[in-house]
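**Student:** Okay, handing you the structure first.
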Amino acid sequence: MRKRIELKEDWKFVKKEESLEEAFQEEGERVSLPHTWNAIDGQDGGGDYLTGAFFYFKGFDKPQLEEGESLYLEVEGANSVAEVYLNGKKLFTHKGGYSLFRVNLTSHIQEGKNLLAIRVSNRSEKDVYPQKADFTFYGGLYRGVSLLIVSKVHFDLDYYGDPGIKVDTSIEGKDGLLTVSSFGELPAKVKIEVYDKENKLVAEGSAKEAIKITNVHLWNGKEDPYLYTIKAYAYEGEEASDEVETKVGFRTFALDPRKGFILNGRSYPLRGVAMHQDFAGIGNAITRQEIDKSLAQIDEIGATTVRLAHYQHSEYTYARMDELGIVVWSEVPYISKHVEEGNDNILSQMKELIVQTYNHPSIVFRSLSNEITMKGGKGKKAFHLQLNKMIHEMDPSRVTTMANFSTMTALNPFSAISDSTAMNFYHGWYTPFSFLNGLRLSFYHLCHPKKPLGFSEYGAEGLINLHSEKPKREDDSEEYQLLCHAKIYKAIDKRKYLFGTYVWNMFDFGADARNIGGDPGKNHKGLVTFDRKTRKDAFYLYQAYWSKKEVLHLCGHRFLNRALKKETIYLTTNAPSFKVLQDGKEIFTTTNSTEKFYSFKIDLTKDSLIEAVSPTQKDSLLLHKVDKPDLSYILKGKSNNASWEKKTK
C-alpha cells in the first residue's frame, strides 16, 4: 500500500536569483511549508512586491523501497513556474501556480543522502497565466510537498495530477448508479467498495462496471449534503497493492433560463459570494485552519454557492464545499488579457482542474474565462470554442460558463460560446447609477431568453474605519458599501431567472497595486475584513436574506460619533416582527414584514441609546452627539480605483 512522507520542516530558502550551485552555497533562511515570500510585501501597496525565481532546498534520506516500488514527489502548489532538481539534475518543469503536480523520482534517487531543489518563479511569463489581474501573484511553495511510495501495481499518478480514479454518478428512479474509471491507466484488477455516511458497506463491484446503490440518498445542497465514500483497491495477484479513496454525491441539476438553478428537480436559487484564497499577513500560504475559518463564515452568511476565483483552489477546499453543500463555480486563471502564447498553458491548467476535481459533487460550473475581453489579442473566440469543446469532452456532466467584462454588450456573440453566461457589473461603484445593473441584466435576458444568465460580480469598496452621514460613491465608507448592496440586491431578488449571483467579494484580499481608502495593497470589496475578524454591515444584509438563523443587526457599530441633528439609522433583519427604541422610547415597530433592510430618521440632540428588539434577538448602539464631523471617519485625499490596471503585470 502507498505511503506518504510529508516534507514540511527544515527547508532552506534562498531569496536570490542565482544558479543552482551558487544558491546552494548561500546560507539562506530556514522555512517550513506552506511558504510564500510575499506574505507582507504582497499586501502593502505600490505594486512592487518581489518577483523572481528562487530556490528551496531539502535534504532527505532515501526511503526504503521494496522491490518494484516507485517514489514520487508531489507538490500541491508552487506559484507559478516550478523546476524540480534532484541531486543537481533537472527533472521536471511545471507551468501553472495553482494545481498539484508529481514527478517520478524512482530512477534518479540515490542511496543515502539526497538533495531536492525546487526553483519557484512568480515572474510574468508570456506563456503562463495569469497574465494580468487585480490580485497579488504570491510566489512560493505555498501548499504541501510530499514523497509518495507506491507498489508496482498502483493507481495512476502521472496524468495531470490524477487522484487515481474518476467516478461518474447517475440516478435511475430511487437508485443510484456509479462507475469507476480513470483519466489515466487503470490496473488490470480493481475492486470497488461503497460506504454510506454511517460507514456501512452498501455496494461493491469492479471498475468500469455500473454499481447500483438502492434507495440512494441524494446530495441536496446545504439542506442535506450527503456523501458516499468510494474505496478502490488495485490488486497484484491476490493481494491488494494500492488503495485510493474519494467521496461522491448523487444529484441532478439543470439551468432553466426562466426559473434559474434546479437541484434534484426543484428550484434552488444560487445566491453567494466569490472568494480568493489569501489571508492577511499570510498571503496564499494558508493552512486548513485558515480555510476552515473562511468557509465557516461563508456557511454562516447562508450562501448556497461560491465562485472560487480566479484559479484552482486546494483539494481540501473542494472537499469542504462538498461537506457543506455549497455549489461551486470553478475556474482557471484565464483572466483580463488574452495572449496566444498562453493557449497551451490554459488548456493544461484546465485539464489539471478537471482531472484533479472531477469527483466533487459540489462543482457544477467550469468557467472558461474572466473579463478576457478587457485586453489583447487575436484568436480569443476561436480559442474559447476550443476550450469549451475540450471541457465538454473531458467533463460532459457539468456546464460551462464565463464571467464577462462589464463593457460587453448584450448583442456580442462572444458571450454565447458557453452553455451559460454571466456578467460582471459594477454600476454604483466604478460607474454611477446602481439601477443600471438590473436594467442591463434584463436587457441581456430579453435578447437571449433561452440562455441561462448569471451575475458573476458586483460590489463596492467598504473600509471599516471610514464612515459617512451622507454616503456617496467612491467615499469607501462602510455605509456606502451597505447602501450599494441593498439597492443591487433588490434588483437581484426580482430576477428569478438568474441561475447564480456572486458578491465580489466575501473577504478583502491582497491586490498590491491598489491604493484604496488609505489602506494600500488590498481590495476592500469584501463583506469581511482580510483577517476574517470583522463582519462589515453589508455581511448582515446578506445574512438577513440568506440565512435561516434569525438576524437582527443595527448598522453603525463602528460609527458612533454623529454630528447631524437628523441622523439615519440602518437595520438589517429577517425577523418578521421587531421594534426600535431610542432611550427606551419606541420609535419604530413592524409585524409580519418580509423586508430585510430598513432605514429611519432619529432626532439626535444628545447621546442616545438605540435598541432593536425582536422576540429572540436584541442589538443596540450608543450614539454620541458631537459638534463637528469626526474627521477620523473621513477619507483624506482620493482613492484611485483604477490604480491596479497600470501597475499589474
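The chains in the C-alpha cells are called A, B, ... from first to last as shown; in each chain the residues are counted from 1, and the ligands are counted from 1 in the order shown.
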Mind checking which residues fall within 8 Å of Glu550 (chain A), counting only C-alpha atoms, ignoring those fewer than 5 positions away in the same chain, and posting them as a list in words?
**Tutor:**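 Close residues of Glu550 (chain A): Ala544, Thr573, Asn574, Ala575, Thr616 and Gln617 of chain A.
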**Student:** List every residue of region 317-399 of chain A that has an atom at most 12 Å from any atom of region 501-515 of chain A, giving for each one its closest atom pair and the distance in Å to one decimal, counting only C-alpha atoms, sorted by chain and then by ascending residue number, as CSV.
**Tutor:**
```
residue,atom,partner,partner_atom,distance
A:Val327,CA,A:Thr501,CA,11.7
A:Val328,CA,A:Tyr502,CA,11.0
A:Trp329,CA,A:Tyr502,CA,9.8
```
**Student:** Write a file of the just-selected residues containing N, CA and C atoms, as a short mmCIF file (atom, residue, chain, number, x, y, z; two decimals), in the first residue's frame.
**Tutor:**
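Wrote out-v2.cif, looks like this:
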```
data_model
loop_
_atom_site.label_atom_id
_atom_site.label_comp_id
_atom_site.auth_asym_id
_atom_site.auth_seq_id
_atom_site.Cartn_x
_atom_site.Cartn_y
_atom_site.Cartn_z
N VAL A 327 -22.66 24.87 -3.71
CA VAL A 327 -22.43 24.68 -5.14
C VAL A 327 -21.26 25.57 -5.58
N VAL A 328 -20.35 24.99 -6.36
CA VAL A 328 -19.09 25.65 -6.70
C VAL A 328 -19.03 26.01 -8.18
N TRP A 329 -18.60 27.24 -8.41
CA TRP A 329 -18.16 27.73 -9.73
C TRP A 329 -16.64 27.62 -9.71
#
```
**Student:** Just want the 12 Å neighbourhood of Leu441 (chain A), counted on only C-alpha atoms, with same-chain residues fewer than 2 positions away dropped. Output as a CSV table (one decimal) with C-alpha atoms, in the first residue's frame.
**Tutor:**
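And here is the file that came out, part.csv:
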```csv
chain,number,residue,atom,x,y,z
A,406,SER,CA,-18.8,45.0,-17.9
A,408,MET,CA,-19.5,43.8,-23.2
A,409,THR,CA,-22.9,44.4,-24.8
A,410,ALA,CA,-25.8,42.0,-24.7
A,421,THR,CA,-23.1,33.1,-19.3
A,422,ALA,CA,-22.7,35.7,-16.6
A,423,MET,CA,-21.9,39.4,-16.3
A,424,ASN,CA,-19.6,41.4,-14.1
A,425,PHE,CA,-21.3,44.8,-13.5
A,427,HIS,CA,-22.8,50.2,-11.7
A,435,PHE,CA,-30.1,50.7,-11.1
A,436,LEU,CA,-28.3,50.0,-14.3
A,437,ASN,CA,-27.2,46.6,-13.0
A,438,GLY,CA,-30.8,45.3,-13.1
A,439,LEU,CA,-31.6,47.0,-16.4
A,443,PHE,CA,-31.8,43.6,-21.5
A,444,TYR,CA,-29.5,40.6,-21.9
A,445,HIS,CA,-32.2,38.3,-20.8
A,446,LEU,CA,-34.6,39.9,-23.3
A,447,CYS,CA,-32.0,39.5,-26.1
A,448,HIS,CA,-31.2,35.9,-25.2
A,449,PRO,CA,-34.3,34.4,-23.5
A,452,PRO,CA,-29.1,30.8,-18.7
A,453,LEU,CA,-27.8,34.1,-17.2
A,454,GLY,CA,-25.8,34.7,-14.0
A,455,PHE,CA,-24.5,37.8,-12.2
A,456,SER,CA,-20.8,36.9,-11.6
A,488,ILE,CA,-28.4,45.9,-6.1
A,491,ALA,CA,-32.8,44.1,-8.3
A,492,ILE,CA,-31.4,40.6,-8.0
A,494,LYS,CA,-36.8,40.4,-8.6
A,495,ARG,CA,-35.0,38.5,-11.3
A,496,LYS,CA,-35.7,34.8,-10.5
A,497,TYR,CA,-34.2,33.7,-13.9
A,498,LEU,CA,-30.6,34.4,-12.7
A,501,THR,CA,-25.3,35.6,-8.2
```
**Student:** Closest to Val153 (chain A) among A:Ser70, A:Gln386, A:Ser415, A:Gln43, using only C-alpha atoms?
**Tutor:**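 Result for the nearest residue to Val153 (chain A): A:Ser70.
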**Student:** Looking at only C-alpha atoms, which of A:Asp299, A:Glu193, A:Asp619, A:Glu331 is the one that sits closest to Glu223 (chain A)?
**Tutor:**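 Checking each of A:Asp299, A:Glu193, A:Asp619, A:Glu331 against Glu223 (chain A), counting only C-alpha atoms, the winner is A:Asp299.
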**Student:** Write out as JSON lines a residue-level contact list of region 8-127 of chain A versus region 262-279 of chain A with cut-off 12 Å: for each qualifying residue the closest pair of atoms and the distance in Å to one decimal, counting only C-alpha atoms, rows sorted by chain and residue number upward.
**Tutor:**
```
{"residue": "A:Thr36", "atom": "CA", "partner": "A:Asp278", "partner_atom": "CA", "distance": 10.9}
{"residue": "A:Asn38", "atom": "CA", "partner": "A:Asp278", "partner_atom": "CA", "distance": 11.0}
{"residue": "A:Ala39", "atom": "CA", "partner": "A:Phe279", "partner_atom": "CA", "distance": 8.7}
{"residue": "A:Ile40", "atom": "CA", "partner": "A:Phe279", "partner_atom": "CA", "distance": 10.6}
{"residue": "A:Gly42", "atom": "CA", "partner": "A:Asp278", "partner_atom": "CA", "distance": 10.4}
{"residue": "A:Gln43", "atom": "CA", "partner": "A:Phe279", "partner_atom": "CA", "distance": 9.7}
{"residue": "A:Tyr98", "atom": "CA", "partner": "A:Gln277", "partner_atom": "CA", "distance": 10.6}
```
**Student:** Take CA of Phe597 (chain A) and CA of Glu461 (chain A) and report the distance between them in Å, one decimal.
**Tutor:**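 Interatomic distance here is 19.5 Å.
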**Student:** Which residues, written as JSON, numbers by chain, have at least one atom at most 12 Å from Leu387 (chain A), with only C-alpha atoms counted and residues fewer than 5 positions away on the same chain left out?
**Tutor:** {"A": [332, 334, 343, 344, 345, 346, 347, 348, 349, 350, 351, 366, 367, 368, 369, 380, 381, 382, 392, 393, 394, 395, 400, 401, 402, 417, 418]}
**Student:** Create the file for the chosen residues now, containing N, CA, C and O atoms and written as a CSV table (one decimal), in the first residue's frame.
**Tutor:**
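Once written, part28.csv looks like this:
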```
chain,number,residue,atom,x,y,z
A,332,VAL,N,-10.0,28.6,-13.9
A,332,VAL,CA,-8.5,28.7,-14.0
A,332,VAL,C,-8.2,30.2,-14.3
A,332,VAL,O,-9.1,30.9,-14.6
A,334,TYR,N,-7.5,32.2,-16.4
A,334,TYR,CA,-7.6,32.8,-17.8
A,334,TYR,C,-8.4,34.1,-17.6
A,334,TYR,O,-9.6,34.1,-17.7
A,343,ASN,N,-2.1,29.8,-24.8
A,343,ASN,CA,-3.2,28.9,-25.1
A,343,ASN,C,-2.9,27.5,-24.6
A,343,ASN,O,-3.8,26.9,-23.9
A,344,ASP,N,-1.7,27.0,-24.8
A,344,ASP,CA,-1.4,25.6,-24.4
A,344,ASP,C,-1.4,25.6,-22.8
A,344,ASP,O,-1.8,24.5,-22.3
A,345,ASN,N,-1.0,26.7,-22.2
A,345,ASN,CA,-0.9,26.7,-20.7
A,345,ASN,C,-2.3,26.6,-20.1
A,345,ASN,O,-2.6,25.9,-19.1
A,346,ILE,N,-3.3,27.4,-20.7
A,346,ILE,CA,-4.6,27.3,-20.2
A,346,ILE,C,-5.3,26.0,-20.5
A,346,ILE,O,-6.0,25.4,-19.6
A,347,LEU,N,-5.0,25.4,-21.6
A,347,LEU,CA,-5.5,24.0,-21.8
A,347,LEU,C,-5.0,23.0,-20.8
A,347,LEU,O,-5.7,22.2,-20.2
A,348,SER,N,-3.7,23.2,-20.5
A,348,SER,CA,-3.1,22.3,-19.5
A,348,SER,C,-3.7,22.6,-18.1
A,348,SER,O,-4.0,21.6,-17.3
A,349,GLN,N,-3.8,23.9,-17.7
A,349,GLN,CA,-4.4,24.2,-16.4
A,349,GLN,C,-5.8,23.7,-16.3
A,349,GLN,O,-6.2,23.3,-15.2
A,350,MET,N,-6.6,23.8,-17.3
A,350,MET,CA,-7.9,23.3,-17.3
A,350,MET,C,-8.0,21.8,-17.2
A,350,MET,O,-8.8,21.3,-16.5
A,351,LYS,N,-7.1,21.1,-17.9
A,351,LYS,CA,-7.1,19.7,-17.8
A,351,LYS,C,-6.8,19.3,-16.3
A,351,LYS,O,-7.4,18.3,-15.8
A,366,ARG,N,-17.8,24.9,-14.8
A,366,ARG,CA,-16.5,25.1,-15.3
A,366,ARG,C,-16.4,26.4,-16.1
A,366,ARG,O,-17.1,26.5,-17.2
A,367,SER,N,-15.7,27.4,-15.6
A,367,SER,CA,-15.7,28.7,-16.3
A,367,SER,C,-14.6,28.8,-17.3
A,367,SER,O,-13.4,28.4,-17.0
A,368,LEU,N,-14.9,29.3,-18.4
A,368,LEU,CA,-13.9,29.4,-19.5
A,368,LEU,C,-12.9,30.5,-19.2
A,368,LEU,O,-11.7,30.4,-19.3
A,369,SER,N,-13.4,31.7,-18.7
A,369,SER,CA,-12.5,32.8,-18.5
A,369,SER,C,-13.2,33.9,-17.7
A,369,SER,O,-14.4,33.8,-17.5
A,380,LYS,N,-9.2,35.1,-29.7
A,380,LYS,CA,-9.9,34.8,-28.5
A,380,LYS,C,-11.1,33.9,-28.7
A,380,LYS,O,-11.3,32.9,-28.0
A,381,LYS,N,-11.9,34.3,-29.7
A,381,LYS,CA,-13.1,33.5,-29.9
A,381,LYS,C,-12.8,32.1,-30.3
A,381,LYS,O,-13.4,31.1,-29.8
A,382,ALA,N,-11.9,31.9,-31.2
A,382,ALA,CA,-11.6,30.5,-31.7
A,382,ALA,C,-11.0,29.7,-30.5
A,382,ALA,O,-11.4,28.5,-30.4
A,392,HIS,N,-16.2,19.9,-22.4
A,392,HIS,CA,-17.3,19.0,-22.6
A,392,HIS,C,-16.8,17.6,-22.9
A,392,HIS,O,-17.5,16.6,-22.5
A,393,GLU,N,-15.7,17.4,-23.6
A,393,GLU,CA,-15.2,16.1,-23.9
A,393,GLU,C,-14.7,15.4,-22.6
A,393,GLU,O,-14.9,14.2,-22.4
A,394,MET,N,-14.0,16.2,-21.7
A,394,MET,CA,-13.4,15.6,-20.5
A,394,MET,C,-14.4,15.5,-19.4
A,394,MET,O,-14.3,14.7,-18.5
A,395,ASP,N,-15.4,16.5,-19.3
A,395,ASP,CA,-16.3,16.6,-18.2
A,395,ASP,C,-17.7,16.8,-18.6
A,395,ASP,O,-18.3,17.9,-18.4
A,400,THR,N,-20.6,24.7,-18.8
A,400,THR,CA,-19.6,25.7,-18.9
A,400,THR,C,-20.3,27.1,-18.7
A,400,THR,O,-21.5,27.3,-19.0
A,401,THR,N,-19.5,28.0,-18.3
A,401,THR,CA,-19.9,29.4,-18.1
A,401,THR,C,-18.8,30.3,-18.4
A,401,THR,O,-17.6,29.9,-18.6
A,402,MET,N,-19.0,31.6,-18.2
A,402,MET,CA,-17.9,32.6,-18.3
A,402,MET,C,-18.4,33.9,-17.7
A,402,MET,O,-19.6,34.2,-17.6
A,417,ILE,N,-20.8,31.6,-26.3
A,417,ILE,CA,-20.0,30.4,-26.6
A,417,ILE,C,-20.3,29.3,-25.5
A,417,ILE,O,-20.4,28.1,-25.9
A,418,SER,N,-20.3,29.7,-24.3
A,418,SER,CA,-20.5,28.7,-23.2
A,418,SER,C,-22.0,28.3,-23.0
A,418,SER,O,-22.9,29.0,-23.5
```
**Student:** Neighbouring residues of Asn359 (chain A) were defined as those with any atom within 8 Å, considering only C-alpha atoms; residues of the same chain fewer than 6 positions away were excluded. Please report them as JSON, numbers by chain.
**Tutor:** {"A": [166, 167, 168, 246, 247, 248]}
**Student:** Please produce a file of the residues just selected, as a PDB file, in the first residue's frame, where the atoms kept are N, CA, C and O atoms.
**Tutor:**
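So the final result, stored in out35.pdb, reads:
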```
ATOM      1  N   LYS A 166     -11.705   8.204 -11.404  1.00  0.00           N
ATOM      2  CA  LYS A 166     -12.787   9.144 -11.678  1.00  0.00           C
ATOM      3  C   LYS A 166     -14.095   8.391 -11.502  1.00  0.00           C
ATOM      4  O   LYS A 166     -14.235   7.239 -11.937  1.00  0.00           O
ATOM      5  N   VAL A 167     -15.052   9.044 -10.849  1.00  0.00           N
ATOM      6  CA  VAL A 167     -16.315   8.387 -10.530  1.00  0.00           C
ATOM      7  C   VAL A 167     -17.453   9.146 -11.192  1.00  0.00           C
ATOM      8  O   VAL A 167     -17.638  10.343 -10.944  1.00  0.00           O
ATOM      9  N   ASP A 168     -18.205   8.450 -12.039  1.00  0.00           N
ATOM     10  CA  ASP A 168     -19.388   9.023 -12.667  1.00  0.00           C
ATOM     11  C   ASP A 168     -20.625   8.493 -11.962  1.00  0.00           C
ATOM     12  O   ASP A 168     -20.751   7.281 -11.712  1.00  0.00           O
ATOM     13  N   THR A 246     -12.197   8.278  -2.268  1.00  0.00           N
ATOM     14  CA  THR A 246     -12.799   9.558  -2.621  1.00  0.00           C
ATOM     15  C   THR A 246     -14.236   9.574  -2.144  1.00  0.00           C
ATOM     16  O   THR A 246     -14.823   8.519  -1.868  1.00  0.00           O
ATOM     17  N   LYS A 247     -14.806  10.758  -2.039  1.00  0.00           N
ATOM     18  CA  LYS A 247     -16.215  10.897  -1.676  1.00  0.00           C
ATOM     19  C   LYS A 247     -16.986  11.405  -2.887  1.00  0.00           C
ATOM     20  O   LYS A 247     -16.479  12.208  -3.676  1.00  0.00           O
ATOM     21  N   VAL A 248     -18.220  10.931  -3.019  1.00  0.00           N
ATOM     22  CA  VAL A 248     -19.069  11.358  -4.131  1.00  0.00           C
ATOM     23  C   VAL A 248     -20.465  11.657  -3.606  1.00  0.00           C
ATOM     24  O   VAL A 248     -20.839  11.237  -2.505  1.00  0.00           O
TER      25      VAL A 248
END
```
